[in-house]
file entry.txt (compact mmCIF, C-alpha atoms and all ligand atoms)
# COMPACT_ATOMS: atom_id res chain seq x y z
CA MET I 1 33.25 -10.12 36.96
CA LYS I 2 32.71 -13.55 35.51
CA MET I 3 33.25 -17.08 36.81
CA VAL I 4 34.90 -19.20 34.15
CA ILE I 5 34.59 -22.96 34.69
CA ALA I 6 36.90 -25.00 32.46
CA VAL I 7 36.97 -28.80 32.38
CA VAL I 8 40.36 -29.84 31.02
CA GLN I 9 42.08 -33.21 30.42
CA ASP I 10 44.63 -34.05 33.09
CA GLN I 11 47.47 -34.14 30.57
CA ASP I 12 46.95 -30.43 29.79
CA SER I 13 46.23 -29.35 33.36
CA ASN I 14 49.76 -28.43 34.45
CA ARG I 15 50.50 -26.53 31.27
CA LEU I 16 47.30 -24.52 31.66
CA SER I 17 48.07 -23.84 35.34
CA ASN I 18 51.46 -22.44 34.44
CA ALA I 19 50.06 -20.30 31.63
CA LEU I 20 47.35 -18.90 33.95
CA THR I 21 49.88 -18.04 36.66
CA LYS I 22 52.17 -16.34 34.13
CA ALA I 23 49.21 -14.23 32.93
CA THR I 24 48.24 -13.48 36.60
CA PHE I 25 44.91 -15.29 36.44
CA ARG I 26 44.08 -17.01 39.70
CA ALA I 27 42.50 -20.43 39.46
CA THR I 28 41.19 -23.01 41.90
CA LYS I 29 41.54 -26.60 40.71
CA LEU I 30 39.16 -29.47 41.46
CA ALA I 31 39.86 -33.10 40.58
CA SER I 32 37.02 -34.39 38.45
CA THR I 33 36.13 -37.36 36.29
CA GLY I 34 34.22 -38.39 33.22
CA GLY I 35 31.51 -36.81 31.21
CA PHE I 36 32.46 -33.85 29.10
CA LEU I 37 35.86 -35.39 28.36
CA ARG I 38 37.49 -38.74 28.77
CA SER I 39 38.36 -39.23 32.46
CA GLY I 40 40.33 -38.01 34.36
CA ASN I 41 40.14 -34.31 34.13
CA THR I 42 40.61 -31.16 36.14
CA THR I 43 37.95 -28.51 36.69
CA PHE I 44 39.34 -24.97 36.91
CA LEU I 45 37.35 -22.20 38.64
CA ILE I 46 38.64 -18.81 37.52
CA GLY I 47 37.21 -15.48 38.61
CA THR I 48 38.08 -12.64 36.26
CA ASP I 49 37.10 -9.18 35.08
CA ASP I 50 34.76 -9.05 32.08
CA GLU I 51 37.34 -7.45 29.81
CA LYS I 52 39.88 -10.23 30.42
CA VAL I 53 37.52 -13.07 29.46
CA PRO I 54 38.61 -13.18 25.77
CA ASN I 55 42.28 -13.36 26.81
CA LEU I 56 41.49 -16.15 29.26
CA LEU I 57 39.55 -18.11 26.63
CA ASN I 58 42.52 -17.79 24.26
CA LEU I 59 44.86 -19.16 26.92
CA ILE I 60 42.61 -22.15 27.51
CA ARG I 61 42.26 -22.86 23.78
CA GLU I 62 46.01 -22.58 23.15
CA ASN I 63 46.91 -24.94 25.98
CA CYS I 64 44.09 -27.47 25.88
CA ARG I 65 42.77 -27.65 22.34
CA ALA I 66 41.79 -31.11 21.07
CA ARG I 67 44.42 -32.52 18.67
CA ASP I 68 45.33 -35.81 17.07
CA GLN I 69 48.26 -37.71 18.51
CA LEU I 70 50.03 -40.80 17.18
CA VAL I 71 49.85 -43.63 19.70
CA ALA I 72 52.12 -46.71 19.45
CA PRO I 73 50.18 -49.94 18.96
CA VAL I 74 49.74 -52.27 21.91
CA SER I 75 50.64 -55.92 21.21
CA PRO I 76 47.70 -58.27 21.58
CA MET I 77 47.90 -60.30 24.79
CA GLY I 78 46.22 -63.54 23.78
CA GLY I 79 43.03 -62.33 22.08
CA ASN I 80 42.62 -62.22 18.32
CA ALA I 81 46.05 -61.58 16.74
CA ASP I 82 44.32 -61.08 13.38
CA ALA I 83 42.83 -57.85 14.74
CA TYR I 84 46.28 -56.50 15.71
CA ILE I 85 47.23 -53.30 13.83
CA PRO I 86 51.07 -53.13 13.78
CA TYR I 87 51.42 -49.38 13.20
CA PRO I 88 50.74 -46.24 15.26
CA VAL I 89 47.20 -44.93 15.27
CA GLU I 90 45.91 -41.38 15.63
CA VAL I 91 43.79 -40.67 18.68
CA GLU I 92 42.25 -37.34 19.73
CA VAL I 93 43.66 -35.98 22.97
CA GLY I 94 43.06 -32.76 24.88
CA GLY I 95 40.03 -30.58 24.50
CA ALA I 96 38.36 -28.28 26.99
CA THR I 97 34.74 -27.54 27.84
CA VAL I 98 34.33 -23.98 29.09
CA PHE I 99 31.40 -22.17 30.71
CA VAL I 100 31.28 -18.43 31.42
CA LEU I 101 28.86 -17.56 34.24
CA PRO I 102 27.71 -14.18 35.53
CA ILE I 103 28.73 -13.17 39.08
CA GLU I 104 26.65 -10.80 41.19
CA GLN I 105 29.21 -10.22 43.93
CA PHE I 106 32.88 -10.93 44.44
CA HIS I 107 34.61 -10.67 47.84
CA HIS I 108 38.11 -11.27 49.09
CA PHE I 109 38.49 -11.53 52.88
CA MET V 110 18.19 -17.92 45.74
CA LYS V 111 21.91 -17.51 45.27
CA MET V 112 24.78 -19.95 44.92
CA VAL V 113 27.70 -18.81 47.06
CA ILE V 114 31.06 -20.37 46.15
CA ALA V 115 33.74 -19.82 48.80
CA VAL V 116 37.37 -20.96 48.41
CA VAL V 117 38.82 -21.26 51.91
CA GLN V 118 42.20 -22.39 53.28
CA ASP V 119 42.12 -25.90 54.75
CA GLN V 120 43.07 -24.65 58.21
CA ASP V 121 39.83 -22.62 58.42
CA SER V 122 37.61 -25.19 56.72
CA ASN V 123 36.40 -27.10 59.81
CA ARG V 124 35.69 -23.94 61.76
CA LEU V 125 33.64 -22.54 58.88
CA SER V 126 31.77 -25.87 58.49
CA ASN V 127 30.78 -25.78 62.14
CA ALA V 128 29.70 -22.15 61.98
CA LEU V 129 27.59 -22.84 58.87
CA THR V 130 25.89 -25.84 60.48
CA LYS V 131 25.15 -23.84 63.63
CA ALA V 132 23.54 -21.11 61.51
CA THR V 133 21.60 -23.79 59.53
CA PHE V 134 23.33 -23.07 56.21
CA ARG V 135 23.84 -26.23 54.18
CA ALA V 136 27.14 -26.51 52.35
CA THR V 137 28.74 -29.04 50.03
CA LYS V 138 32.53 -29.22 50.30
CA LEU V 139 34.96 -29.97 47.48
CA ALA V 140 38.67 -30.57 47.98
CA SER V 141 40.59 -28.08 45.83
CA THR V 142 44.10 -26.79 45.32
CA GLY V 143 46.09 -23.75 44.37
CA GLY V 144 45.25 -20.55 42.70
CA PHE V 145 43.20 -18.08 44.64
CA LEU V 146 44.92 -19.09 47.87
CA ARG V 147 47.95 -21.08 48.82
CA SER V 148 47.16 -24.79 48.45
CA GLY V 149 45.39 -26.76 49.82
CA ASN V 150 41.98 -25.34 50.16
CA THR V 151 38.34 -26.30 50.34
CA THR V 152 35.65 -25.04 47.98
CA PHE V 153 32.24 -24.59 49.66
CA LEU V 154 29.04 -24.57 47.58
CA ILE V 155 26.22 -22.97 49.56
CA GLY V 156 22.71 -22.39 48.27
CA THR V 157 20.84 -19.73 50.20
CA ASP V 158 17.96 -17.26 50.09
CA ASP V 159 18.83 -13.77 48.85
CA GLU V 160 18.10 -12.13 52.20
CA LYS V 161 20.53 -14.41 54.04
CA VAL V 162 23.53 -13.64 51.80
CA PRO V 163 24.86 -10.78 53.99
CA ASN V 164 24.71 -13.02 57.08
CA LEU V 165 26.52 -15.80 55.20
CA LEU V 166 29.24 -13.42 54.00
CA ASN V 167 29.75 -12.24 57.59
CA LEU V 168 30.17 -15.83 58.78
CA ILE V 169 32.77 -16.52 56.10
CA ARG V 170 34.69 -13.32 56.88
CA GLU V 171 34.67 -13.96 60.63
CA ASN V 172 35.93 -17.52 60.29
CA CYS V 173 38.35 -17.25 57.37
CA ARG V 174 39.69 -13.70 57.23
CA ALA V 175 43.36 -13.33 56.32
CA ARG V 176 45.50 -12.58 59.38
CA ASP V 177 49.14 -12.56 60.38
CA GLN V 178 50.42 -15.45 62.44
CA LEU V 179 53.79 -15.92 64.17
CA VAL V 180 55.59 -18.96 62.83
CA ALA V 181 58.54 -20.55 64.67
CA PRO V 182 61.74 -20.48 62.64
CA VAL V 183 62.93 -23.67 60.98
CA SER V 184 66.59 -24.55 61.63
CA PRO V 185 68.67 -24.58 58.47
CA MET V 186 69.47 -28.10 57.32
CA GLY V 187 72.86 -27.69 55.72
CA GLY V 188 72.35 -24.68 53.43
CA ASN V 189 73.53 -21.18 54.32
CA ALA V 190 73.46 -20.81 58.12
CA ASP V 191 74.13 -17.08 57.68
CA ALA V 192 70.64 -16.71 56.25
CA TYR V 193 69.03 -18.33 59.31
CA ILE V 194 66.69 -15.99 61.23
CA PRO V 195 66.53 -17.28 64.85
CA TYR V 196 63.20 -15.66 65.80
CA PRO V 197 59.55 -16.22 64.86
CA VAL V 198 58.31 -14.52 61.70
CA GLU V 199 54.87 -13.27 60.78
CA VAL V 200 53.16 -14.95 57.85
CA GLU V 201 49.70 -14.29 56.45
CA VAL V 202 47.31 -17.22 56.86
CA GLY V 203 43.62 -17.67 56.07
CA GLY V 204 41.70 -15.60 53.60
CA ALA V 205 38.69 -16.52 51.51
CA THR V 206 37.66 -15.80 47.93
CA VAL V 207 33.90 -15.64 47.59
CA PHE V 208 31.62 -15.51 44.54
CA VAL V 209 27.86 -14.92 44.65
CA LEU V 210 26.07 -16.32 41.58
CA PRO V 211 22.44 -16.01 40.49
CA ILE V 212 20.31 -19.18 40.44
CA GLU V 213 17.35 -19.62 38.09
CA GLN V 214 15.91 -22.72 39.69
CA PHE V 215 16.42 -24.67 42.90
CA HIS V 216 15.07 -28.16 43.48
CA HIS V 217 15.24 -30.67 46.28
CA PHE V 218 14.20 -34.23 45.40
CA MET O 219 22.47 -22.95 27.83
CA LYS O 220 22.27 -23.69 31.52
CA MET O 221 24.71 -25.13 34.04
CA VAL O 222 22.95 -27.67 36.22
CA ILE O 223 24.74 -28.49 39.48
CA ALA O 224 23.37 -31.59 41.22
CA VAL O 225 24.58 -32.84 44.61
CA VAL O 226 23.72 -36.54 44.83
CA GLN O 227 24.32 -39.27 47.43
CA ASP O 228 27.15 -41.63 46.46
CA GLN O 229 24.82 -44.64 46.41
CA ASP O 230 22.82 -43.07 43.54
CA SER O 231 25.80 -41.63 41.67
CA ASN O 232 26.54 -44.53 39.32
CA ARG O 233 22.90 -45.03 38.43
CA LEU O 234 22.54 -41.34 37.58
CA SER O 235 25.78 -41.41 35.55
CA ASN O 236 24.48 -44.27 33.46
CA ALA O 237 21.09 -42.62 32.94
CA LEU O 238 22.76 -39.36 31.86
CA THR O 239 25.05 -41.14 29.39
CA LYS O 240 22.11 -43.07 27.91
CA ALA O 241 20.22 -39.77 27.43
CA THR O 242 23.40 -38.20 25.91
CA PHE O 243 23.84 -35.63 28.68
CA ARG O 244 27.49 -34.98 29.42
CA ALA O 245 28.41 -34.57 33.07
CA THR O 246 31.59 -33.85 35.00
CA LYS O 247 31.70 -35.44 38.44
CA LEU O 248 33.38 -34.00 41.54
CA ALA O 249 33.80 -35.90 44.82
CA SER O 250 32.20 -33.89 47.60
CA THR O 251 31.17 -34.23 51.23
CA GLY O 252 28.63 -33.13 53.74
CA GLY O 253 26.17 -30.34 53.90
CA PHE O 254 23.20 -30.56 51.61
CA LEU O 255 23.07 -34.32 52.08
CA ARG O 256 24.63 -36.85 54.38
CA SER O 257 28.25 -37.40 53.32
CA GLY O 258 29.65 -38.65 50.98
CA ASN O 259 28.17 -37.34 47.87
CA THR O 260 28.98 -36.55 44.26
CA THR O 261 28.57 -33.15 42.64
CA PHE O 262 27.56 -33.32 38.97
CA LEU O 263 28.21 -30.38 36.62
CA ILE O 264 26.02 -30.67 33.53
CA GLY O 265 25.87 -28.14 30.72
CA THR O 266 22.71 -28.38 28.67
CA ASP O 267 20.39 -26.53 26.30
CA ASP O 268 17.53 -24.64 27.94
CA GLU O 269 14.86 -26.84 26.39
CA LYS O 270 16.42 -30.01 27.79
CA VAL O 271 16.46 -28.82 31.42
CA PRO O 272 13.04 -30.31 32.34
CA ASN O 273 14.10 -33.72 30.92
CA LEU O 274 17.38 -33.54 32.89
CA LEU O 275 15.55 -32.65 36.11
CA ASN O 276 13.24 -35.64 35.59
CA LEU O 277 16.22 -37.96 35.16
CA ILE O 278 17.79 -36.69 38.39
CA ARG O 279 14.53 -37.05 40.32
CA GLU O 280 13.88 -40.56 39.02
CA ASN O 281 17.36 -41.79 39.89
CA CYS O 282 18.09 -39.95 43.13
CA ARG O 283 14.82 -39.17 44.86
CA ALA O 284 14.79 -39.51 48.65
CA ARG O 285 13.06 -42.68 49.78
CA ASP O 286 12.72 -44.78 52.90
CA GLN O 287 14.75 -47.96 53.14
CA LEU O 288 14.61 -50.76 55.70
CA VAL O 289 17.94 -51.16 57.46
CA ALA O 290 18.80 -54.31 59.47
CA PRO O 291 19.46 -53.55 63.14
CA VAL O 292 23.03 -53.54 64.39
CA SER O 293 23.67 -55.68 67.49
CA PRO O 294 24.77 -53.64 70.49
CA MET O 295 28.49 -54.07 71.17
CA GLY O 296 28.68 -53.67 74.92
CA GLY O 297 26.64 -50.51 75.52
CA ASN O 298 23.08 -50.53 76.80
CA ALA O 299 21.39 -53.69 75.55
CA ASP O 300 18.05 -52.33 76.80
CA ALA O 301 18.20 -49.74 74.05
CA TYR O 302 18.65 -52.40 71.35
CA ILE O 303 15.78 -52.50 68.83
CA PRO O 304 15.70 -56.03 67.36
CA TYR O 305 13.85 -55.25 64.13
CA PRO O 306 14.70 -53.38 60.90
CA VAL O 307 14.20 -49.62 60.93
CA GLU O 308 13.30 -47.27 58.11
CA VAL O 309 15.89 -44.65 57.21
CA GLU O 310 15.71 -42.05 54.47
CA VAL O 311 18.31 -42.52 51.74
CA GLY O 312 18.97 -40.73 48.46
CA GLY O 313 17.83 -37.25 47.68
CA ALA O 314 19.39 -34.64 45.41
CA THR O 315 19.89 -30.91 45.67
CA VAL O 316 19.83 -29.26 42.27
CA PHE O 317 20.71 -25.74 41.11
CA VAL O 318 20.09 -24.37 37.62
CA LEU O 319 22.43 -21.49 36.77
CA PRO O 320 22.46 -19.17 33.74
CA ILE O 321 25.46 -19.39 31.36
CA GLU O 322 26.62 -16.43 29.29
CA GLN O 323 29.00 -18.31 27.03
CA PHE O 324 29.76 -21.94 26.27
CA HIS O 325 32.86 -23.07 24.36
CA HIS O 326 34.28 -26.41 23.33
CA PHE O 327 37.91 -26.39 22.18
NI NI N 401 35.21 -32.79 22.47
NI NI N 402 44.38 -12.85 49.55
NI NI N 403 16.71 -33.69 51.86
call {"tool": "encode", "arguments": {"input": "entry.txt", "output": "structure tokens", "more": "lines below"}}
Ligand code: NI
Ligand code: NI
Ligand code: NI
result
Amino acid sequence: MKMVIAVVQDQDSNRLSNALTKATFRATKLASTGGFLRSGNTTFLIGTDDEKVPNLLNLIRENCRARDQLVAPVSPMGGNADAYIPYPVEVEVGGATVFVLPIEQFHHF
Amino acid sequence: MKMVIAVVQDQDSNRLSNALTKATFRATKLASTGGFLRSGNTTFLIGTDDEKVPNLLNLIRENCRARDQLVAPVSPMGGNADAYIPYPVEVEVGGATVFVLPIEQFHHF
Amino acid sequence: MKMVIAVVQDQDSNRLSNALTKATFRATKLASTGGFLRSGNTTFLIGTDDEKVPNLLNLIRENCRARDQLVAPVSPMGGNADAYIPYPVEVEVGGATVFVLPIEQFHHF
């Protein structure tokens, strides 16, 4: 068995949860902030058999992969109107940081 | 040393905390949801010496084991009154999912 | 790679966050309570290369080490005024509990 710890942006968290449930992976979710990714994020703890780890990693990549997204410009409120860019800009959203840890024992009571 | 990660239903969380304190185990608690158990749950992180792991697992099992509990029926609010069961039903409550992980270093500053 | 899990008192959490960012360590923070330290505390998850672990441990020790602090006395509200100690007392604050865990795989999507 392995413990997979995945830190995922909040905007991808529900989609990943649904994909995990559909594939019968069981995850515990912890609210987390900062660091690996822009805040806020969700930390998933997922215990799984060794042979299912590649499948799980695929699921996480498919649902959380970093991608560029067009974001509508925000009008300047006061500030320097010369610096205002009047067209959508691309920002990177999503992304997941994933650790696979060894487990010595697993119990279910 | 080992790191024991236990995901425990909220209704058993205080009882387990007290039992751990009494047995001089030191635990950090994280609020968590979903997945391994019905939400909400508490994730305990417990660092302990190898030889105390069996004792710790016993404590968790004794305080958090899944068991059936009689639950009073809820009166139907509108809905199909024909489907209303006017006697208590058994539901499973409790249960813990426990992982034992190896630790390479432990420090206390 | 290693996963370093550090449980740190809330009063040292921001200072440690800033020190980690400055040293380009990336941490995920989880709100936690009790156990290893007086509540509340923050649990940091930090993935790092093996050779940077000693530097990371130094940063945690420097920013979170347990130390004595003078605390102004609190006036007795009702209660036994005879037991009132009218001078500052030293209490221990800070302190961190740190675990270094092995990682089998690390991925960034
Ligand atoms: Ni990234
Ligand atoms: Ni169960
Ligand atoms: Ni201490």
call {"tool": "residues_near_ligand", "arguments": {"input": "entry.txt", "ligand": "ligand NI 401 (chain N)", "cutoff": "7 Å", "atoms": "all atoms listed in the file", "output": "PDB file with C-alpha atoms, in the frame of the given file"}}
result
ATOM      1  CA  LEU I  37      35.860 -35.390  28.360  1.00  0.00           C
ATOM      2  CA  ALA I  66      41.790 -31.110  21.070  1.00  0.00           C
ATOM      3  CA  GLY I  95      40.030 -30.580  24.500  1.00  0.00           C
TER       4      GLY I  95
ATOM      5  CA  HIS O 326      34.280 -26.410  23.330  1.00  0.00           C
ATOM      6  CA  PHE O 327      37.910 -26.390  22.180  1.00  0.00           C
TER       7      PHE O 327
END
call {"tool": "closest_residue", "arguments": {"input": "entry.txt", "among": "I:Glu90, I:Glu62, I:Glu51, I:Asp68", "to": "chain O", "atoms": "only C-alpha atoms"}}
result
I:Glu62
call {"tool": "residues_near_ligand", "arguments": {"input": "entry.txt", "ligand": "ligand NI 402 (chain N)", "cutoff": "12 Å", "atoms": "only C-alpha atoms and all ligand atoms", "output": "JSON list (two decimals) with C-alpha atoms, in the coordinates of the input"}}
result
[["chain", "number", "residue", "atom", "x", "y", "z"],
["I", 26, "ARG", "CA", 44.08, -17.01, 39.70],
["I", 107, "HIS", "CA", 34.61, -10.67, 47.84],
["I", 108, "HIS", "CA", 38.11, -11.27, 49.09],
["I", 109, "PHE", "CA", 38.49, -11.53, 52.88],
["V", 116, "VAL", "CA", 37.37, -20.96, 48.41],
["V", 117, "VAL", "CA", 38.82, -21.26, 51.91],
["V", 118, "GLN", "CA", 42.20, -22.39, 53.28],
["V", 144, "GLY", "CA", 45.25, -20.55, 42.70],
["V", 145, "PHE", "CA", 43.20, -18.08, 44.64],
["V", 146, "LEU", "CA", 44.92, -19.09, 47.87],
["V", 147, "ARG", "CA", 47.95, -21.08, 48.82],
["V", 173, "CYS", "CA", 38.35, -17.25, 57.37],
["V", 174, "ARG", "CA", 39.69, -13.70, 57.23],
["V", 175, "ALA", "CA", 43.36, -13.33, 56.32],
["V", 176, "ARG", "CA", 45.50, -12.58, 59.38],
["V", 177, "ASP", "CA", 49.14, -12.56, 60.38],
["V", 201, "GLU", "CA", 49.70, -14.29, 56.45],
["V", 202, "VAL", "CA", 47.31, -17.22, 56.86],
["V", 203, "GLY", "CA", 43.62, -17.67, 56.07],
["V", 204, "GLY", "CA", 41.70, -15.60, 53.60],
["V", 205, "ALA", "CA", 38.69, -16.52, 51.51],
["V", 206, "THR", "CA", 37.66, -15.80, 47.93],
["V", 207, "VAL", "CA", 33.90, -15.64, 47.59]]
call {"tool": "atom_distance", "arguments": {"input": "entry.txt", "atom1": "atom CA of I:Asn14", "atom2": "atom CA of V:Thr137"}}
result
26.2 Å
call {"tool": "atom_distance", "arguments": {"input": "entry.txt", "atom1": "atom CA of O:Leu275", "atom2": "atom CA of V:Leu154"}}
result
19.5 Å
